[in-house]
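Q: Dropping the structure in here first, questions after.
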Amino acid sequence: MAGHSKWANIKRQKARVDAVKGQVFAKLSREMMVAARTGLPDPAANFRLRTAIDKAKAAGMSQENIERAIAKGAGLLGADAERLEAVRYEGYAPGGVAVLIEALTDNRNRTAGEIRAAFNKYGGNLGETGCVGWMFTQVGWVELPGLTNEDDLLETALLVPATGYEWDGETAALLTEPLALEAVVTALQNQGYTVGSALTRWQPTTTVVITEPEWGRKVLRLLEVLEDLDDVQAVSANFDMDEGVLAASMSH
């Protein structure tokens, strides 16, 4: 059982928390609004809402803002949440790297225009729905911040119905079937593990190996710009590169 998530690792290295905190809060608010709208507004009975609240708290969002987002989602503060819909966009970054984008939007035309403009500006192209989706599979992802070595992570993976794990030397995470995510999180917590982020995401089933720093720079820049768009909640891409190319790609 093994895996990797190069883009997630790069995002941690390139964190600009203070600069984008307001934007992060807006995205977390949308996630809580939609979770409260599509399920019960009670986090104890709504796993998606509970995990969204945990992410918001970890990011430093105030309890007042968290409660306001839940109230909006429940329809107690207007119809903002009713206008939000989940949309998926697909396309290619430079060199044929597949990109899958998840968005929450109240205006599909605006969101599609912004995403298309980003692809065009940074050497990629927005494709039709389904053009790259077949290169990804949805998985559950559970971060375990208390684990500090791969042996302990493997042992934990065997205790619960994990389908794989990720270890990059710093961050430990388990992969699960999407529908088993809540059960795995509950099992881990019952066994005394500290659970960090728990979410579903798109995992590439095949990867494009980036061999040149300039190519890597173009791909990373496009992914950053896409993630910075207000309506975009998550970006997945199917590339890999060795540490030397990665370091050179991240230097400007």
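Going by the structure tokens order, chains are called A, B, ..., each with residues numbered from 1, while ligands are numbered from 1 in the order shown.
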List every residue of range 4-222 of chain A that DSSP, applied to the backbone of this structure, places in alpha helix (DSSP H), and write the result as a PyMOL selection string.

A: chain A and resi 6-13+17-38+47-58+63-73+80-83+108-121+150-159+181-190+213-222

Q: Go ahead and save the picked residues with C-alpha atoms, as a tab-separated table (two decimals), in the first residue's frame.

A:
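Output file out.tsv is given in full below:
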```
chain	number	residue	atom	x	y	z
A	6	LYS	CA	2.83	15.77	-5.00
A	7	TRP	CA	0.55	18.75	-5.38
A	8	ALA	CA	-0.71	18.50	-1.78
A	9	ASN	CA	2.89	18.38	-0.55
A	10	ILE	CA	3.87	21.37	-2.66
A	11	LYS	CA	0.93	23.38	-1.35
A	12	ARG	CA	2.10	22.78	2.21
A	13	GLN	CA	5.58	23.98	1.30
A	17	VAL	CA	-1.72	31.39	5.30
A	18	ASP	CA	-1.81	35.03	6.40
A	19	ALA	CA	-2.00	36.41	2.87
A	20	VAL	CA	-4.99	34.31	1.91
A	21	LYS	CA	-6.74	33.82	5.26
A	22	GLY	CA	-9.79	35.84	4.19
A	23	GLN	CA	-10.07	33.78	1.02
A	24	VAL	CA	-9.65	30.52	2.96
A	25	PHE	CA	-12.41	31.56	5.35
A	26	ALA	CA	-14.74	32.30	2.43
A	27	LYS	CA	-14.15	28.85	0.95
A	28	LEU	CA	-14.62	27.15	4.31
A	29	SER	CA	-17.85	29.10	4.86
A	30	ARG	CA	-19.19	27.89	1.52
A	31	GLU	CA	-18.35	24.30	2.38
A	32	MET	CA	-20.17	24.58	5.73
A	33	MET	CA	-23.17	26.25	4.07
A	34	VAL	CA	-23.52	23.49	1.49
A	35	ALA	CA	-22.94	20.74	4.07
A	36	ALA	CA	-25.64	22.22	6.32
A	37	ARG	CA	-28.00	22.60	3.35
A	38	THR	CA	-27.56	19.05	2.03
A	47	PHE	CA	-20.13	14.08	8.99
A	48	ARG	CA	-19.47	16.46	6.10
A	49	LEU	CA	-20.45	19.45	8.24
A	50	ARG	CA	-18.43	18.18	11.18
A	51	THR	CA	-15.26	17.86	9.10
A	52	ALA	CA	-15.86	21.30	7.53
A	53	ILE	CA	-16.18	22.81	11.01
A	54	ASP	CA	-12.97	21.08	12.11
A	55	LYS	CA	-11.14	22.57	9.10
A	56	ALA	CA	-12.55	26.02	9.87
A	57	LYS	CA	-11.46	25.83	13.50
A	58	ALA	CA	-7.99	24.63	12.49
A	63	GLN	CA	-17.10	30.45	16.39
A	64	GLU	CA	-19.41	33.32	15.42
A	65	ASN	CA	-18.49	33.02	11.74
A	66	ILE	CA	-18.82	29.24	11.86
A	67	GLU	CA	-22.31	29.50	13.36
A	68	ARG	CA	-23.30	32.14	10.78
A	69	ALA	CA	-22.24	29.87	7.90
A	70	ILE	CA	-24.23	26.95	9.34
A	71	ALA	CA	-27.28	29.19	9.83
A	72	LYS	CA	-27.04	30.38	6.23
A	73	GLY	CA	-26.86	26.80	5.02
A	80	ASP	CA	-27.30	32.31	-0.06
A	81	ALA	CA	-26.72	28.57	0.25
A	82	GLU	CA	-29.58	27.75	-2.10
A	83	ARG	CA	-27.77	29.47	-4.96
A	108	ARG	CA	-21.64	28.93	-13.58
A	109	ASN	CA	-20.85	31.36	-16.40
A	110	ARG	CA	-18.62	33.50	-14.20
A	111	THR	CA	-16.78	30.52	-12.76
A	112	ALA	CA	-16.25	28.83	-16.12
A	113	GLY	CA	-14.99	32.12	-17.59
A	114	GLU	CA	-12.47	32.64	-14.79
A	115	ILE	CA	-11.20	29.06	-15.03
A	116	ARG	CA	-10.95	29.21	-18.83
A	117	ALA	CA	-9.03	32.49	-18.63
A	118	ALA	CA	-6.54	30.96	-16.18
A	119	PHE	CA	-5.95	27.95	-18.43
A	120	ASN	CA	-5.47	30.18	-21.47
A	121	LYS	CA	-3.09	32.57	-19.70
A	150	GLU	CA	6.08	4.98	8.16
A	151	ASP	CA	6.11	1.77	10.20
A	152	ASP	CA	3.51	3.14	12.64
A	153	LEU	CA	1.44	4.39	9.71
A	154	LEU	CA	1.46	0.96	8.04
A	155	GLU	CA	0.48	-0.68	11.32
A	156	THR	CA	-2.44	1.75	11.66
A	157	ALA	CA	-3.52	1.14	8.07
A	158	LEU	CA	-3.87	-2.56	8.85
A	159	LEU	CA	-6.07	-1.87	11.92
A	181	LEU	CA	-14.35	7.60	5.39
A	182	GLU	CA	-16.64	8.34	8.34
A	183	ALA	CA	-16.34	4.79	9.71
A	184	VAL	CA	-12.54	4.91	9.48
A	185	VAL	CA	-12.37	8.29	11.23
A	186	THR	CA	-14.65	7.02	14.01
A	187	ALA	CA	-12.59	3.83	14.41
A	188	LEU	CA	-9.35	5.81	14.62
A	189	GLN	CA	-10.77	8.21	17.20
A	190	ASN	CA	-12.13	5.33	19.26
A	213	PRO	CA	12.05	22.86	-14.18
A	214	GLU	CA	10.52	25.35	-16.62
A	215	TRP	CA	7.72	22.90	-17.40
A	216	GLY	CA	7.23	22.37	-13.67
A	217	ARG	CA	7.07	26.13	-13.05
A	218	LYS	CA	4.31	26.56	-15.65
A	219	VAL	CA	2.23	23.72	-14.20
A	220	LEU	CA	2.62	24.91	-10.59
A	221	ARG	CA	1.76	28.48	-11.53
A	222	LEU	CA	-1.45	27.41	-13.27
```

Q: Write down as a PyMOL selection string the residues belonging to range 2-158 of chain A that are assigned strand (DSSP E or B) by DSSP computed on the backbone.

A: chain A and resi 85-93+97-105+125-126+136-143

Q: I'd like the neighbourhood of range 131-135 of chain A as a list in words, where a residue qualifies if any of its atoms comes within 7 Å (using only C-alpha atoms), though same-chain residues fewer than 3 positions away should be ignored.

A: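 My list of contacting residues is Glu90, Gly91, Ala98, Leu100, Gly127, Glu128, Pro204, Thr205 and Thr206 of chain A.
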
Q: Generate a file of the selected residues that holds all heavy atoms, formatted as an mmCIF file, in the first residue's frame.

A:
```
data_model
loop_
_atom_site.group_PDB
_atom_site.id
_atom_site.type_symbol
_atom_site.label_atom_id
_atom_site.label_comp_id
_atom_site.auth_asym_id
_atom_site.auth_seq_id
_atom_site.Cartn_x
_atom_site.Cartn_y
_atom_site.Cartn_z
ATOM 1 N N GLU A 90 -12.719 20.232 -15.959
ATOM 2 C CA GLU A 90 -11.592 19.381 -16.320
ATOM 3 C C GLU A 90 -10.798 20.022 -17.454
ATOM 4 O O GLU A 90 -11.369 20.707 -18.313
ATOM 5 C CB GLU A 90 -12.086 17.997 -16.753
ATOM 6 C CG GLU A 90 -12.913 17.295 -15.681
ATOM 7 C CD GLU A 90 -13.467 15.957 -16.133
ATOM 8 O OE1 GLU A 90 -12.808 15.300 -16.970
ATOM 9 O OE2 GLU A 90 -14.550 15.574 -15.655
ATOM 10 N N GLY A 91 -9.496 19.817 -17.436
ATOM 11 C CA GLY A 91 -8.670 20.381 -18.490
ATOM 12 C C GLY A 91 -7.246 19.871 -18.413
ATOM 13 O O GLY A 91 -6.944 18.919 -17.683
ATOM 14 N N ALA A 98 -3.086 16.359 -16.535
ATOM 15 C CA ALA A 98 -4.536 16.414 -16.340
ATOM 16 C C ALA A 98 -4.864 17.186 -15.064
ATOM 17 O O ALA A 98 -4.214 17.016 -14.033
ATOM 18 C CB ALA A 98 -5.113 15.004 -16.250
ATOM 19 N N LEU A 100 -8.195 18.441 -12.568
ATOM 20 C CA LEU A 100 -9.595 18.298 -12.207
ATOM 21 C C LEU A 100 -9.896 19.323 -11.112
ATOM 22 O O LEU A 100 -9.191 19.396 -10.104
ATOM 23 C CB LEU A 100 -9.862 16.876 -11.723
ATOM 24 C CG LEU A 100 -11.315 16.428 -11.606
ATOM 25 C CD1 LEU A 100 -11.414 14.924 -11.826
ATOM 26 C CD2 LEU A 100 -11.895 16.786 -10.247
ATOM 27 N N GLY A 127 -11.104 21.699 -20.872
ATOM 28 C CA GLY A 127 -11.701 20.711 -21.760
ATOM 29 C C GLY A 127 -13.155 20.464 -21.446
ATOM 30 O O GLY A 127 -13.772 21.135 -20.611
ATOM 31 N N GLU A 128 -13.725 19.477 -22.115
ATOM 32 C CA GLU A 128 -15.109 19.077 -21.869
ATOM 33 C C GLU A 128 -15.177 18.184 -20.629
ATOM 34 O O GLU A 128 -14.203 17.528 -20.272
ATOM 35 C CB GLU A 128 -15.658 18.305 -23.079
ATOM 36 C CG GLU A 128 -15.710 19.112 -24.370
ATOM 37 C CD GLU A 128 -16.678 20.273 -24.283
ATOM 38 O OE1 GLU A 128 -17.731 20.113 -23.625
ATOM 39 O OE2 GLU A 128 -16.382 21.340 -24.860
ATOM 40 N N PRO A 204 -4.992 10.635 -8.771
ATOM 41 C CA PRO A 204 -4.687 10.181 -10.131
ATOM 42 C C PRO A 204 -4.372 8.695 -10.179
ATOM 43 O O PRO A 204 -3.715 8.161 -9.285
ATOM 44 C CB PRO A 204 -3.455 11.021 -10.513
ATOM 45 C CG PRO A 204 -2.833 11.423 -9.214
ATOM 46 C CD PRO A 204 -3.974 11.568 -8.243
ATOM 47 N N THR A 205 -4.843 8.033 -11.220
ATOM 48 C CA THR A 205 -4.544 6.619 -11.418
ATOM 49 C C THR A 205 -3.348 6.439 -12.348
ATOM 50 O O THR A 205 -2.795 5.350 -12.455
ATOM 51 C CB THR A 205 -5.756 5.883 -12.003
ATOM 52 O OG1 THR A 205 -6.173 6.546 -13.213
ATOM 53 C CG2 THR A 205 -6.919 5.902 -11.022
ATOM 54 N N THR A 206 -2.968 7.507 -13.033
ATOM 55 C CA THR A 206 -1.783 7.498 -13.881
ATOM 56 C C THR A 206 -1.142 8.874 -13.787
ATOM 57 O O THR A 206 -1.843 9.863 -13.565
ATOM 58 C CB THR A 206 -2.142 7.172 -15.349
ATOM 59 O OG1 THR A 206 -0.952 7.174 -16.142
ATOM 60 C CG2 THR A 206 -3.107 8.196 -15.917
#
```

Q: Record the distance separating CA of Leu179 in chain A and CA of Gln138 in chain A, expressed in Å with one decimal.

A: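 For CA of Leu179 in chain A relative to CA of Gln138 in chain A, the distance reads 10.1 Å.
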
Q: At what distance in Å, to one decimal, does CA of Ser249 in chain A lie from CA of Ala173 in chain A?

A: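 Computing it gives 25.4 Å between the two atoms.
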
Q: Let me make sure I understand: among A:Leu76, A:Val232, A:Val245, A:Ala172, which one has the smallest atom-to-atom distance to Tyr89 in chain A if we use only C-alpha atoms?

A: A:Val232

Q: Interatomic distance between CA of Met241 in chain A and CA of Thr207 in chain A?

A: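 Distance reported for this atom pair: 9.7 Å.
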
Q: Kindly indicate which residue among A:Ala180, A:Ala59, A:Leu147, A:Ile210 lies nearest to Gly244 in chain A, using only C-alpha atoms for the distances.

A: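 Looking at the shortest contact to Gly244 in chain A, the residue is A:Ile210.
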